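J.: The structure file model39.pdb (PDB, C-alpha atoms) is provided below.
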MODEL        1
ATOM      1  CA  MET A  25      65.620   5.636 -13.845
ATOM      2  CA  ASP A  26      67.113   4.812 -10.445
ATOM      3  CA  THR A  27      66.526   5.294  -6.709
ATOM      4  CA  HIS A  28      67.258   9.021  -6.789
ATOM      5  CA  ASP A  29      64.502   9.624  -9.365
ATOM      6  CA  PHE A  30      61.849   8.801  -6.793
ATOM      7  CA  VAL A  31      60.521  11.470  -4.464
ATOM      8  CA  THR A  32      58.817  10.741  -1.163
ATOM      9  CA  VAL A  33      56.267  13.015   0.477
ATOM     10  CA  SER A  34      54.365  12.197   3.654
ATOM     11  CA  ALA A  35      51.430  14.051   5.170
ATOM     12  CA  ARG A  36      49.101  13.720   8.103
ATOM     13  CA  LYS A  37      45.730  15.444   8.307
ATOM     14  CA  GLU A  38      42.633  15.289  10.437
ATOM     15  CA  VAL A  39      39.621  14.697   8.197
ATOM     16  CA  ALA A  40      35.871  14.384   8.586
ATOM     17  CA  PHE A  41      33.179  12.864   6.429
ATOM     18  CA  ALA A  42      29.514  11.992   6.608
ATOM     19  CA  SER A  43      28.947   8.951   8.772
ATOM     20  CA  GLN A  44      26.702   7.206   6.200
ATOM     21  CA  LEU A  45      29.697   6.826   3.879
ATOM     22  CA  THR A  46      32.160   4.002   4.334
ATOM     23  CA  PRO A  47      35.827   4.992   4.606
ATOM     24  CA  GLU A  48      36.440   3.215   1.292
ATOM     25  CA  GLU A  49      33.736   5.345  -0.373
ATOM     26  CA  VAL A  50      35.513   8.446   0.864
ATOM     27  CA  LEU A  51      39.072   7.368   0.125
ATOM     28  CA  ARG A  52      38.485   6.135  -3.442
ATOM     29  CA  PRO A  53      37.591   9.554  -4.940
ATOM     30  CA  PHE A  54      40.396  11.176  -2.982
ATOM     31  CA  LEU A  55      42.940   8.685  -4.298
ATOM     32  CA  ASN A  56      41.545   8.862  -7.849
ATOM     33  CA  SER A  57      41.772  12.652  -7.738
ATOM     34  CA  LEU A  58      45.327  12.494  -6.431
ATOM     35  CA  MET A  59      46.398  10.008  -9.110
ATOM     36  CA  GLN A  60      44.888  12.156 -11.857
ATOM     37  CA  LYS A  61      46.613  15.282 -10.557
ATOM     38  CA  LEU A  62      49.937  13.483 -10.271
ATOM     39  CA  GLN A  63      49.653  12.194 -13.819
ATOM     40  CA  GLU A  64      48.746  15.640 -15.167
ATOM     41  CA  GLY A  65      51.608  17.076 -13.129
ATOM     42  CA  GLY A  66      54.180  14.918 -14.908
ATOM     43  CA  CYS A  67      54.392  11.779 -12.757
ATOM     44  CA  THR A  68      56.039   9.079 -14.842
ATOM     45  CA  MET A  69      55.799   6.247 -12.359
ATOM     46  CA  VAL A  70      53.892   5.508  -9.189
ATOM     47  CA  GLY A  71      56.201   3.669  -6.841
ATOM     48  CA  HIS A  72      53.779   3.360  -3.967
ATOM     49  CA  ILE A  73      51.053   5.461  -2.439
ATOM     50  CA  LYS A  74      50.095   4.099   0.934
ATOM     51  CA  GLY A  75      48.459   5.298   4.069
ATOM     52  CA  MET A  76      46.060   4.682   6.879
ATOM     53  CA  LEU A  77      42.901   6.131   8.329
ATOM     54  CA  GLU A  78      42.658   6.017  12.113
ATOM     55  CA  ASP A  79      39.675   6.582  14.365
ATOM     56  CA  GLY A  80      41.501   6.134  17.664
ATOM     57  CA  GLY A  81      40.481   2.471  17.819
ATOM     58  CA  PRO A  82      42.683  -0.598  17.516
ATOM     59  CA  SER A  83      42.092  -1.312  13.806
ATOM     60  CA  PRO A  84      43.163   1.423  11.382
ATOM     61  CA  LEU A  85      42.129   1.088   7.746
ATOM     62  CA  PHE A  86      45.207   0.763   5.520
ATOM     63  CA  PHE A  87      45.241   1.585   1.809
ATOM     64  CA  SER A  88      47.722   1.086  -0.992
ATOM     65  CA  VAL A  89      47.994   2.053  -4.679
ATOM     66  CA  THR A  90      50.843   0.903  -6.941
ATOM     67  CA  SER A  91      49.957   2.299 -10.382
ATOM     68  CA  ILE A  92      48.181   5.224 -12.031
ATOM     69  CA  GLU A  93      45.444   2.949 -13.348
ATOM     70  CA  GLY A  94      45.408   0.673 -10.314
ATOM     71  CA  GLU A  95      42.524   0.290  -7.918
ATOM     72  CA  PRO A  96      43.283   1.060  -4.282
ATOM     73  CA  GLN A  97      43.675  -1.984  -2.058
ATOM     74  CA  PHE A  98      42.270  -1.814   1.452
ATOM     75  CA  LYS A  99      43.292  -3.794   4.503
ATOM     76  CA  GLY A 100      42.353  -3.635   8.171
ATOM     77  CA  GLY A 101      39.449  -1.809   9.763
ATOM     78  CA  PRO A 102      36.532  -1.736  10.233
ATOM     79  CA  LEU A 103      36.564   1.724  11.699
ATOM     80  CA  LYS A 104      33.954   2.601  14.240
ATOM     81  CA  THR A 105      31.482   5.360  13.456
ATOM     82  CA  ALA A 106      33.319   8.550  14.200
ATOM     83  CA  GLU A 107      33.138  12.116  13.011
ATOM     84  CA  ARG A 108      36.825  12.782  12.692
ATOM     85  CA  PHE A 109      39.675  10.620  11.495
ATOM     86  CA  ALA A 110      43.435  10.956  11.248
ATOM     87  CA  LEU A 111      44.674  10.357   7.715
ATOM     88  CA  SER A 112      48.353   9.485   7.179
ATOM     89  CA  ILE A 113      49.703   9.126   3.662
ATOM     90  CA  THR A 114      53.050   8.586   1.978
ATOM     91  CA  VAL A 115      53.478   9.231  -1.750
ATOM     92  CA  ILE A 116      56.523   7.763  -3.527
ATOM     93  CA  VAL A 117      56.583   8.674  -7.222
ATOM     94  CA  ALA A 118      58.952   9.597 -10.034
ATOM     95  CA  GLY A 119      58.891  12.408 -12.567
ATOM     96  CA  ILE A 120      57.585  15.171 -10.354
ATOM     97  CA  GLY A 121      59.132  17.369  -7.665
ATOM     98  CA  GLU A 122      58.591  17.320  -3.918
ATOM     99  CA  ALA A 123      56.965  20.760  -3.761
ATOM    100  CA  GLU A 124      54.576  19.905  -6.604
ATOM    101  CA  ILE A 125      53.591  16.620  -4.964
ATOM    102  CA  GLY A 126      52.917  18.456  -1.709
ATOM    103  CA  GLU A 127      50.699  20.981  -3.484
ATOM    104  CA  LEU A 128      48.752  18.335  -5.399
ATOM    105  CA  LEU A 129      48.309  16.293  -2.256
ATOM    106  CA  ALA A 130      47.000  19.316  -0.375
ATOM    107  CA  GLU A 131      44.626  20.129  -3.262
ATOM    108  CA  SER A 132      43.211  16.602  -3.362
ATOM    109  CA  LEU A 133      42.820  16.523   0.396
ATOM    110  CA  SER A 134      40.945  19.823   0.480
ATOM    111  CA  GLU A 135      38.733  18.896  -2.498
ATOM    112  CA  SER A 136      37.832  15.374  -1.430
ATOM    113  CA  LEU A 137      37.980  15.450   2.349
ATOM    114  CA  ARG A 138      36.853  18.091   4.761
TER
ATOM    115  CA  MET B   1      71.488 -13.610  15.925
ATOM    116  CA  LYS B   2      70.744 -13.953  12.240
ATOM    117  CA  LEU B   3      69.326 -11.372   9.893
ATOM    118  CA  ILE B   4      66.801 -11.918   7.138
ATOM    119  CA  ILE B   5      66.472  -9.006   4.728
ATOM    120  CA  ILE B   6      63.231  -8.795   2.796
ATOM    121  CA  SER B   7      63.765  -6.632  -0.256
ATOM    122  CA  GLY B   8      61.871  -5.863  -3.432
ATOM    123  CA  PHE B   9      60.533  -2.900  -5.338
ATOM    124  CA  LEU B  10      57.898  -0.592  -3.873
ATOM    125  CA  GLY B  11      54.523  -2.277  -3.498
ATOM    126  CA  SER B  12      55.815  -5.736  -4.377
ATOM    127  CA  GLY B  13      54.227  -7.279  -1.275
ATOM    128  CA  LYS B  14      57.055  -7.201   1.276
ATOM    129  CA  THR B  15      54.890  -6.337   4.285
ATOM    130  CA  THR B  16      52.259  -8.916   3.346
ATOM    131  CA  LEU B  17      54.962 -11.545   2.878
ATOM    132  CA  LEU B  18      56.545 -10.640   6.192
ATOM    133  CA  LEU B  19      53.248 -11.095   8.028
ATOM    134  CA  GLY B  20      52.598 -14.463   6.432
ATOM    135  CA  LEU B  21      56.155 -15.649   6.868
ATOM    136  CA  VAL B  22      56.333 -14.781  10.557
ATOM    137  CA  ARG B  23      52.984 -16.511  11.131
ATOM    138  CA  GLU B  24      54.259 -19.646   9.396
ATOM    139  CA  LEU B  25      57.569 -19.610  11.244
ATOM    140  CA  THR B  26      56.167 -18.970  14.703
ATOM    141  CA  SER B  27      53.325 -21.473  14.330
ATOM    142  CA  ARG B  28      55.563 -24.349  13.342
ATOM    143  CA  LYS B  29      58.904 -23.602  14.887
ATOM    144  CA  ASP B  30      60.149 -22.513  18.262
ATOM    145  CA  LEU B  31      61.894 -19.390  17.037
ATOM    146  CA  LYS B  32      61.903 -15.843  18.359
ATOM    147  CA  PHE B  33      61.829 -12.952  15.871
ATOM    148  CA  VAL B  34      62.025  -9.202  15.953
ATOM    149  CA  VAL B  35      60.829  -7.250  12.943
ATOM    150  CA  LEU B  36      62.773  -4.174  11.861
ATOM    151  CA  GLU B  37      60.770  -1.972   9.542
ATOM    152  CA  ASN B  38      62.358   0.630   7.270
ATOM    153  CA  GLU B  39      60.271   3.223   5.468
ATOM    154  CA  VAL B  40      61.532   6.126   3.396
ATOM    155  CA  GLY B  41      58.510   8.228   4.349
ATOM    156  CA  GLU B  42      58.303  10.339   7.489
ATOM    157  CA  ILE B  43      55.301   8.432   8.812
ATOM    158  CA  SER B  44      55.241   4.828   9.932
ATOM    159  CA  ILE B  45      52.487   3.033   8.035
ATOM    160  CA  ASP B  46      53.716  -0.533   7.494
ATOM    161  CA  GLY B  47      55.044  -0.594  11.061
ATOM    162  CA  ALA B  48      51.577   0.284  12.320
ATOM    163  CA  LEU B  49      50.083  -2.532  10.242
ATOM    164  CA  LEU B  50      52.599  -5.072  11.588
ATOM    165  CA  GLU B  51      52.093  -3.957  15.189
ATOM    166  CA  GLN B  52      48.344  -4.189  14.730
ATOM    167  CA  GLN B  53      48.901  -7.840  13.792
ATOM    168  CA  GLY B  54      50.724  -8.432  17.067
ATOM    169  CA  LEU B  55      54.330  -8.407  15.890
ATOM    170  CA  GLN B  56      57.191  -6.950  17.880
ATOM    171  CA  VAL B  57      58.415  -4.145  15.638
ATOM    172  CA  ARG B  58      61.307  -1.691  15.701
ATOM    173  CA  GLU B  59      61.241   1.067  13.113
ATOM    174  CA  LEU B  60      63.621   3.162  11.079
ATOM    175  CA  PHE B  61      61.900   5.755   8.936
ATOM    176  CA  SER B  62      62.538   9.029   7.075
ATOM    177  CA  GLY B  63      65.267   7.458   4.994
ATOM    178  CA  CYS B  64      66.702   4.258   3.606
ATOM    179  CA  VAL B  65      68.891   1.783   5.509
ATOM    180  CA  CYS B  66      71.102   1.380   2.459
ATOM    181  CA  CYS B  67      72.293   5.005   2.698
ATOM    182  CA  GLN B  68      70.970   7.730   5.051
ATOM    183  CA  LEU B  69      70.085   5.306   7.845
ATOM    184  CA  ALA B  70      72.982   2.860   7.499
ATOM    185  CA  GLY B  71      74.446   3.891  10.866
ATOM    186  CA  ASP B  72      71.052   3.680  12.558
ATOM    187  CA  LEU B  73      70.663   0.168  11.162
ATOM    188  CA  VAL B  74      73.884  -1.001  12.786
ATOM    189  CA  VAL B  75      73.065   0.633  16.132
ATOM    190  CA  THR B  76      69.524  -0.765  16.115
ATOM    191  CA  LEU B  77      70.692  -4.301  15.321
ATOM    192  CA  ARG B  78      73.209  -4.136  18.172
ATOM    193  CA  ASP B  79      70.474  -2.859  20.516
ATOM    194  CA  ILE B  80      68.130  -5.660  19.511
ATOM    195  CA  ALA B  81      70.830  -8.295  19.977
ATOM    196  CA  ALA B  82      71.707  -6.974  23.445
ATOM    197  CA  ALA B  83      68.200  -6.328  24.707
ATOM    198  CA  LEU B  84      66.098  -9.046  23.084
ATOM    199  CA  ALA B  85      68.501 -11.705  21.766
ATOM    200  CA  PRO B  86      66.101 -13.119  19.175
ATOM    201  CA  ASP B  87      66.959 -16.043  16.925
ATOM    202  CA  ALA B  88      66.575 -13.696  13.977
ATOM    203  CA  VAL B  89      65.734 -10.165  12.990
ATOM    204  CA  ILE B  90      63.592  -9.770   9.899
ATOM    205  CA  LEU B  91      64.393  -6.457   8.224
ATOM    206  CA  GLU B  92      61.891  -5.126   5.728
ATOM    207  CA  ALA B  93      64.029  -2.850   3.616
ATOM    208  CA  SER B  94      62.492   0.087   1.810
ATOM    209  CA  GLY B  95      61.469  -0.599  -1.770
ATOM    210  CA  LEU B  96      64.206   1.730  -3.005
ATOM    211  CA  ALA B  97      67.041   0.051  -1.109
ATOM    212  CA  ARG B  98      70.225  -1.165  -2.765
ATOM    213  CA  VAL B  99      70.776  -4.523  -1.077
ATOM    214  CA  GLU B 100      74.468  -4.526  -1.901
ATOM    215  CA  SER B 101      74.982  -1.355   0.135
ATOM    216  CA  ILE B 102      73.184  -2.855   3.142
ATOM    217  CA  LEU B 103      75.351  -5.975   2.936
ATOM    218  CA  GLU B 104      78.519  -3.883   2.711
ATOM    219  CA  THR B 105      77.531  -1.901   5.820
ATOM    220  CA  LEU B 106      76.760  -5.064   7.775
ATOM    221  CA  ASP B 107      79.946  -6.752   6.643
ATOM    222  CA  ARG B 108      82.015  -3.792   7.755
ATOM    223  CA  TYR B 109      80.311  -2.720  10.971
ATOM    224  CA  CYS B 110      78.075  -5.507  12.219
ATOM    225  CA  ARG B 111      80.192  -8.626  12.355
ATOM    226  CA  GLU B 112      78.357  -9.951  15.400
ATOM    227  CA  LEU B 113      75.618 -11.217  13.077
ATOM    228  CA  ASP B 114      75.720 -15.013  12.603
ATOM    229  CA  GLY B 115      74.488 -14.813   9.033
ATOM    230  CA  VAL B 116      72.449 -12.770   6.576
ATOM    231  CA  MET B 117      69.829 -14.123   4.192
ATOM    232  CA  VAL B 118      68.325 -11.951   1.466
ATOM    233  CA  ILE B 119      64.817 -12.677   0.213
ATOM    234  CA  THR B 120      63.731 -10.533  -2.735
ATOM    235  CA  LEU B 121      60.226 -10.265  -4.079
ATOM    236  CA  ALA B 122      59.482  -9.713  -7.748
ATOM    237  CA  ASP B 123      56.001  -8.477  -8.552
ATOM    238  CA  LEU B 124      54.218 -10.235 -11.422
ATOM    239  CA  GLU B 125      51.701  -7.388 -11.719
ATOM    240  CA  ARG B 126      54.607  -5.066 -12.544
ATOM    241  CA  HIS B 127      56.354  -7.504 -14.857
ATOM    242  CA  GLU B 128      57.600  -4.674 -17.093
ATOM    243  CA  LEU B 129      59.948  -3.626 -14.273
ATOM    244  CA  TYR B 130      61.950  -6.786 -14.841
ATOM    245  CA  LEU B 131      61.235  -7.684 -18.468
ATOM    246  CA  GLU B 132      61.912  -4.334 -20.112
ATOM    247  CA  GLU B 133      64.764  -2.252 -18.778
ATOM    248  CA  PRO B 134      65.153  -2.967 -15.071
ATOM    249  CA  MET B 135      66.327  -0.119 -12.862
ATOM    250  CA  PRO B 136      69.846  -0.714 -11.467
ATOM    251  CA  PHE B 137      68.673  -1.012  -7.868
ATOM    252  CA  VAL B 138      65.995  -3.525  -8.876
ATOM    253  CA  ILE B 139      68.657  -5.612 -10.662
ATOM    254  CA  ASN B 140      70.730  -5.323  -7.481
ATOM    255  CA  GLN B 141      67.826  -6.462  -5.279
ATOM    256  CA  ILE B 142      67.297  -9.552  -7.443
ATOM    257  CA  GLY B 143      70.987 -10.198  -8.041
ATOM    258  CA  ARG B 144      71.965 -10.229  -4.354
ATOM    259  CA  ALA B 145      69.094 -12.453  -3.226
ATOM    260  CA  ASP B 146      69.524 -15.910  -1.745
ATOM    261  CA  LEU B 147      65.857 -16.605  -2.380
ATOM    262  CA  VAL B 148      63.775 -14.910  -5.081
ATOM    263  CA  LEU B 149      59.999 -14.975  -4.670
ATOM    264  CA  LEU B 150      57.826 -14.309  -7.677
ATOM    265  CA  ASN B 151      54.772 -12.796  -6.014
ATOM    266  CA  LYS B 152      51.133 -12.335  -7.084
ATOM    267  CA  THR B 153      51.331 -15.402  -9.332
ATOM    268  CA  ASP B 154      47.736 -16.397  -8.551
ATOM    269  CA  SER B 155      46.383 -13.872 -11.058
ATOM    270  CA  GLY B 156      48.940 -14.062 -13.872
ATOM    271  CA  ASP B 157      48.845 -15.972 -17.137
ATOM    272  CA  ALA B 158      51.196 -18.915 -17.509
ATOM    273  CA  GLU B 159      53.247 -17.473 -20.376
ATOM    274  CA  LEU B 160      53.957 -14.294 -18.495
ATOM    275  CA  VAL B 161      54.897 -16.235 -15.366
ATOM    276  CA  GLN B 162      57.299 -18.353 -17.397
ATOM    277  CA  ALA B 163      58.848 -15.327 -19.109
ATOM    278  CA  LEU B 164      59.385 -13.632 -15.777
ATOM    279  CA  GLU B 165      60.803 -16.792 -14.214
ATOM    280  CA  GLU B 166      63.342 -17.022 -17.021
ATOM    281  CA  ARG B 167      64.250 -13.363 -16.649
ATOM    282  CA  LEU B 168      64.699 -13.622 -12.887
ATOM    283  CA  LYS B 169      66.836 -16.735 -13.241
ATOM    284  CA  ALA B 170      69.002 -14.894 -15.778
ATOM    285  CA  LEU B 171      69.428 -12.011 -13.306
ATOM    286  CA  ASN B 172      70.340 -14.389 -10.486
ATOM    287  CA  PRO B 173      71.154 -17.967 -11.511
ATOM    288  CA  ARG B 174      72.314 -19.045  -8.029
ATOM    289  CA  ALA B 175      69.153 -18.174  -6.077
ATOM    290  CA  GLU B 176      66.234 -20.528  -5.645
ATOM    291  CA  LEU B 177      63.061 -19.123  -7.168
ATOM    292  CA  ILE B 178      59.671 -19.846  -5.586
ATOM    293  CA  LYS B 179      56.313 -18.694  -6.947
ATOM    294  CA  VAL B 180      54.103 -17.352  -4.164
ATOM    295  CA  SER B 181      51.019 -15.383  -3.394
ATOM    296  CA  ALA B 182      51.856 -13.519  -0.217
ATOM    297  CA  LEU B 183      48.294 -12.258   0.039
ATOM    298  CA  HIS B 184      46.679 -15.691  -0.195
ATOM    299  CA  GLY B 185      49.474 -17.548   1.554
ATOM    300  CA  SER B 186      50.286 -19.924  -1.275
ATOM    301  CA  ASN B 187      53.731 -21.518  -0.981
ATOM    302  CA  LEU B 188      54.593 -19.555   2.154
ATOM    303  CA  GLU B 189      55.018 -22.841   4.024
ATOM    304  CA  LEU B 190      57.802 -23.692   1.576
ATOM    305  CA  VAL B 191      59.451 -20.302   2.097
ATOM    306  CA  ALA B 192      59.149 -20.742   5.876
ATOM    307  CA  GLU B 193      60.712 -24.182   5.563
ATOM    308  CA  ARG B 194      63.726 -22.732   3.732
ATOM    309  CA  VAL B 195      64.091 -19.836   6.177
ATOM    310  CA  GLY B 196      63.598 -22.012   9.260
ATOM    311  CA  ALA B 197      66.190 -24.518   8.046
ATOM    312  CA  TRP B 198      68.643 -21.706   7.334
ATOM    313  CA  ILE B 199      68.177 -20.169  10.789
ATOM    314  CA  ARG B 200      68.814 -23.512  12.476
ATOM    315  CA  THR B 201      71.803 -24.571  10.436
ATOM    316  CA  THR B 202      73.802 -21.468   9.549
ATOM    317  CA  SER B 203      76.384 -20.185  11.917
TER
ENDMDL
END
Mind turning the file's structure into structure tokens?

T.:
Amino acid sequence: MDTHDFVTVSARKEVAFASQLTPEEVLRPFLNSLMQKLQEGGCTMVGHIKGMLEDGGPSPLFFSVTSIEGEPQFKGGPLKTAERFALSITVIVAGIGEAEIGELLAESLSESLR
Amino acid sequence: MKLIIISGFLGSGKTTLLLGLVRELTSRKDLKFVVLENEVGEISIDGALLEQQGLQVRELFSGCVCCQLAGDLVVTLRDIAAALAPDAVILEASGLARVESILETLDRYCRELDGVMVITLADLERHELYLEEPMPFVINQIGRADLVLLNKTDSGDAELVQALEERLKALNPRAELIKVSALHGSNLELVAERVGAWIRTTS
């Protein structure tokens, strides 16, 4: 395996979730769903999945995952109570194609986040 | 102007190290830095994190400075030297970068630099990357380093740490190896000491 075996896909999406949930409570199931789909889709190695959730304030919430089994790490925030957020994410993995990653990412986003 | 390249595999703690290192350097030494952030993704995420922490950041994304963005790297370094004249630029390379290719580009097209130091992080949590069959670009990142940092050592068992230390030393016998926890700041003062001394003495 070498550099060219890794594929990078980035996405940005406006999302909304119930205000009684913390951003971490919303992002965990989304990331778990994405990891499961990537694994089932043939991902052989997670290089890095990282992103941020922004509410327009000065302190975005950053997240990072570095393995299929790994727990997401969070940094930054807290976000203020808002109805809509901007989610930015970059997925760098091996063993699966760009189009497939894009589809799985879109599926996880639509299933886990409105 | 000197250049410090921070390299290491994806997720090895480069951005966290960079934050801690710049804090250490600026708190104890009268040095001016500019951070140059390279991400292979189309969206700046680490750059946003560094800016949120108050650092002066220039960004190169949607590619790697070792290949697609090699020309942009040279142009950006020249711009920074002309416009900001810092003591040093700290480049966070993408986790997929071949350090050797970056050094070749700089050697050929960016001779105005006063020196280049390569710091490479190895990630204890992903010890299999180094102990089993390392990927060629990971071997290259370790092999071309002036300083190798074994990161996330606060949570690892002693035998594993020792095995990884031995492996890293075999991959690069000439580099100093320092065990750190970039997240918790352990040993970053020692890294800052090495980097600060290098900035002041190299020409």

J.: Go through chain A and flag each residue having an atom no more than 6 Å from chain B; for those, report the closest pair of atoms plus their distance in Å to one decimal, using all atoms listed in the file, ordered by chain and rising number, as a tab-separated table.

T.:
residue	atom	partner	partner_atom	distance
A:Met25	CA	B:Met135	CA	5.9
A:Asp26	CA	B:Met135	CA	5.5
A:Thr27	CA	B:Leu96	CA	5.6
A:Ser34	CA	B:Gly41	CA	5.8
A:Gly71	CA	B:Leu10	CA	5.5
A:His72	CA	B:Gly11	CA	5.7
A:Thr90	CA	B:Gly11	CA	6.0
A:Thr114	CA	B:Gly41	CA	6.0

J.: Using the chain letters and residue numbers of this document, give as a short mmCIF file (atom, residue, chain, number, x, y, z; two decimals) with C-alpha atoms, keeping the file's coordinate frame the residues selected by the PyMOL selection byres ((chain B and resi 79) around 12).

T.:
data_model
loop_
_atom_site.label_atom_id
_atom_site.label_comp_id
_atom_site.auth_asym_id
_atom_site.auth_seq_id
_atom_site.Cartn_x
_atom_site.Cartn_y
_atom_site.Cartn_z
CA MET B 1 71.49 -13.61 15.92
CA VAL B 34 62.02 -9.20 15.95
CA LEU B 36 62.77 -4.17 11.86
CA ARG B 58 61.31 -1.69 15.70
CA ASP B 72 71.05 3.68 12.56
CA LEU B 73 70.66 0.17 11.16
CA VAL B 74 73.88 -1.00 12.79
CA VAL B 75 73.06 0.63 16.13
CA THR B 76 69.52 -0.76 16.11
CA LEU B 77 70.69 -4.30 15.32
CA ARG B 78 73.21 -4.14 18.17
CA ILE B 80 68.13 -5.66 19.51
CA ALA B 81 70.83 -8.30 19.98
CA ALA B 82 71.71 -6.97 23.44
CA ALA B 83 68.20 -6.33 24.71
CA LEU B 84 66.10 -9.05 23.08
CA ALA B 85 68.50 -11.70 21.77
CA PRO B 86 66.10 -13.12 19.18
CA VAL B 89 65.73 -10.16 12.99
CA CYS B 110 78.08 -5.51 12.22
CA GLU B 112 78.36 -9.95 15.40
#

J.: List, as a JSON list (two decimals) with C-alpha atoms, keeping the file's coordinate frame, every residue that the PyMOL selection byres ((chain A and resi 37) around 8) selects in the file provided.

T.:
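File written: expr_28.json
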[["chain", "number", "residue", "atom", "x", "y", "z"],
["A", 35, "ALA", "CA", 51.43, 14.05, 5.17],
["A", 36, "ARG", "CA", 49.10, 13.72, 8.10],
["A", 38, "GLU", "CA", 42.63, 15.29, 10.44],
["A", 39, "VAL", "CA", 39.62, 14.70, 8.20],
["A", 110, "ALA", "CA", 43.44, 10.96, 11.25],
["A", 111, "LEU", "CA", 44.67, 10.36, 7.72],
["A", 112, "SER", "CA", 48.35, 9.48, 7.18]]

J.: Just the number, please: distance in Å from atom CA of Val35 of chain B to atom CA of Val57 of chain B, one decimal.

T.: 4.8 Å

J.: Around segment 94-112 of chain B, fit a box with edges along x, y and z, padding it by 3 Å on each side, then list its centre and edge lengths in Å to one decimal as JSON.

T.:
{"center_x": 71.7, "center_y": -4.1, "center_z": 6.2, "size_x": 26.5, "size_y": 17.7, "size_z": 24.4}

J.: Mind telling me what the PyMOL selection byres ((chain A and resi 74) around 8) catches here, as an NGL selection string?

T.: (:A and (72-73 or 75-76 or 86-89 or 113-115)) or (:B and (45))

J.: Suppose we keep C-alpha atoms; can you now write the selection as a PDB file, in the coordinates of the input?

T.:
ATOM      1  CA  HIS A  72      53.779   3.360  -3.967  1.00  0.00           C
ATOM      2  CA  ILE A  73      51.053   5.461  -2.439  1.00  0.00           C
ATOM      3  CA  GLY A  75      48.459   5.298   4.069  1.00  0.00           C
ATOM      4  CA  MET A  76      46.060   4.682   6.879  1.00  0.00           C
ATOM      5  CA  PHE A  86      45.207   0.763   5.520  1.00  0.00           C
ATOM      6  CA  PHE A  87      45.241   1.585   1.809  1.00  0.00           C
ATOM      7  CA  SER A  88      47.722   1.086  -0.992  1.00  0.00           C
ATOM      8  CA  VAL A  89      47.994   2.053  -4.679  1.00  0.00           C
ATOM      9  CA  ILE A 113      49.703   9.126   3.662  1.00  0.00           C
ATOM     10  CA  THR A 114      53.050   8.586   1.978  1.00  0.00           C
ATOM     11  CA  VAL A 115      53.478   9.231  -1.750  1.00  0.00           C
TER      12      VAL A 115
ATOM     13  CA  ILE B  45      52.487   3.033   8.035  1.00  0.00           C
TER      14      ILE B  45
END

J.: Could you check which of B:Ser94, B:Ser181, B:Gln162, B:Thr16 is closest to Ile116 of chain A, using all atoms listed in the file?

T.: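 Between B:Ser94, B:Ser181, B:Gln162, B:Thr16, the residue approaching Ile116 of chain A most closely is B:Ser94.
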
J.: Just give me the gap between atom CA of Gly101 of chain A and atom CA of Thr46 of chain A in Å, one decimal is fine.

T.: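 Separation of atom CA of Gly101 of chain A and atom CA of Thr46 of chain A: 10.8 Å.
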
J.: For Ser132 of chain A, which of A:Gly66, A:Gly119, A:Pro53, A:Gly80 is the closest residue, counting all atoms listed in the file?

T.: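 Counting all atoms listed in the file, the residue closest to Ser132 of chain A is A:Pro53.
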
J.: Would you mind reading off the distance between atom CA of Phe61 of chain B and atom CA of Asn38 of chain B, one decimal, in Å?

T.: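 Result for atom CA of Phe61 of chain B versus atom CA of Asn38 of chain B: 5.4 Å, one decimal.
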
J.: Tell me which of B:Leu31, B:Val116, B:Arg167, B:Ala192 sits closest to Asp146 of chain B, counting only C-alpha atoms.

T.: B:Val116

J.: Please list as number ranges by chain every residue within 12 Å of Glu64 of chain A, counting all atoms listed in the file and excluding residues in the same chain fewer than 6 positions away.

T.: A: 57-58, 92, 119-120, 124-125, 128

J.: For those residues, write C-alpha atoms to a file as a PDB file, in the frame of the given file.

T.:
ATOM      1  CA  SER A  57      41.772  12.652  -7.738  1.00  0.00           C
ATOM      2  CA  LEU A  58      45.327  12.494  -6.431  1.00  0.00           C
ATOM      3  CA  ILE A  92      48.181   5.224 -12.031  1.00  0.00           C
ATOM      4  CA  GLY A 119      58.891  12.408 -12.567  1.00  0.00           C
ATOM      5  CA  ILE A 120      57.585  15.171 -10.354  1.00  0.00           C
ATOM      6  CA  GLU A 124      54.576  19.905  -6.604  1.00  0.00           C
ATOM      7  CA  ILE A 125      53.591  16.620  -4.964  1.00  0.00           C
ATOM      8  CA  LEU A 128      48.752  18.335  -5.399  1.00  0.00           C
TER       9      LEU A 128
END

J.: What's the 9 Å shell around Glu93 of chain A, counting all atoms listed in the file, without same-chain residues fewer than 2 positions away, as a list in words?

T.: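 Close residues of Glu93 of chain A: Asn56, Met59, Thr90, Ser91 and Glu95 of chain A.
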
J.: So that I have them on file, write out the residues from the current selection with C-alpha atoms, as a compact mmCIF listing (two decimals), in the coordinates of the input.

T.:
# COMPACT_ATOMS: atom_id res chain seq x y z
CA ASN A 56 41.54 8.86 -7.85
CA MET A 59 46.40 10.01 -9.11
CA THR A 90 50.84 0.90 -6.94
CA SER A 91 49.96 2.30 -10.38
CA GLU A 95 42.52 0.29 -7.92

J.: Ranking B:Ile199, B:Glu193, B:Lys169, B:Leu177 by minimum distance to Ser27 of chain B and counting all atoms listed in the file, which one comes first?

T.: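 Looking at the shortest contact to Ser27 of chain B, the residue is B:Glu193.
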
J.: Of the candidates A:Gln63, A:Pro47, A:Ala42, A:Asp29, which shows the shortest atom-to-atom distance to Lys99 of chain A, using all atoms listed in the file?

T.: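 Checking each of A:Gln63, A:Pro47, A:Ala42, A:Asp29 against Lys99 of chain A, counting all atoms listed in the file, the winner is A:Pro47.
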
J.: Can you tell me which residues surround Leu168 of chain B at a distance of at most 10 Å, considering all atoms listed in the file, apart from same-chain residues fewer than 4 positions away, and format the answer as a ChimeraX atom specification?

T.: /B:122,130-131,139,142-143,148-150,162-164,172-173,175,177

J.: Rank nothing, just name the residue among A:Ser83, A:Thr32, A:Thr68, A:Ser136 nearest to Lys104 of chain A, using only C-alpha atoms.

T.: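 Checking each candidate against Lys104 of chain A, we get A:Ser83 as the closest.
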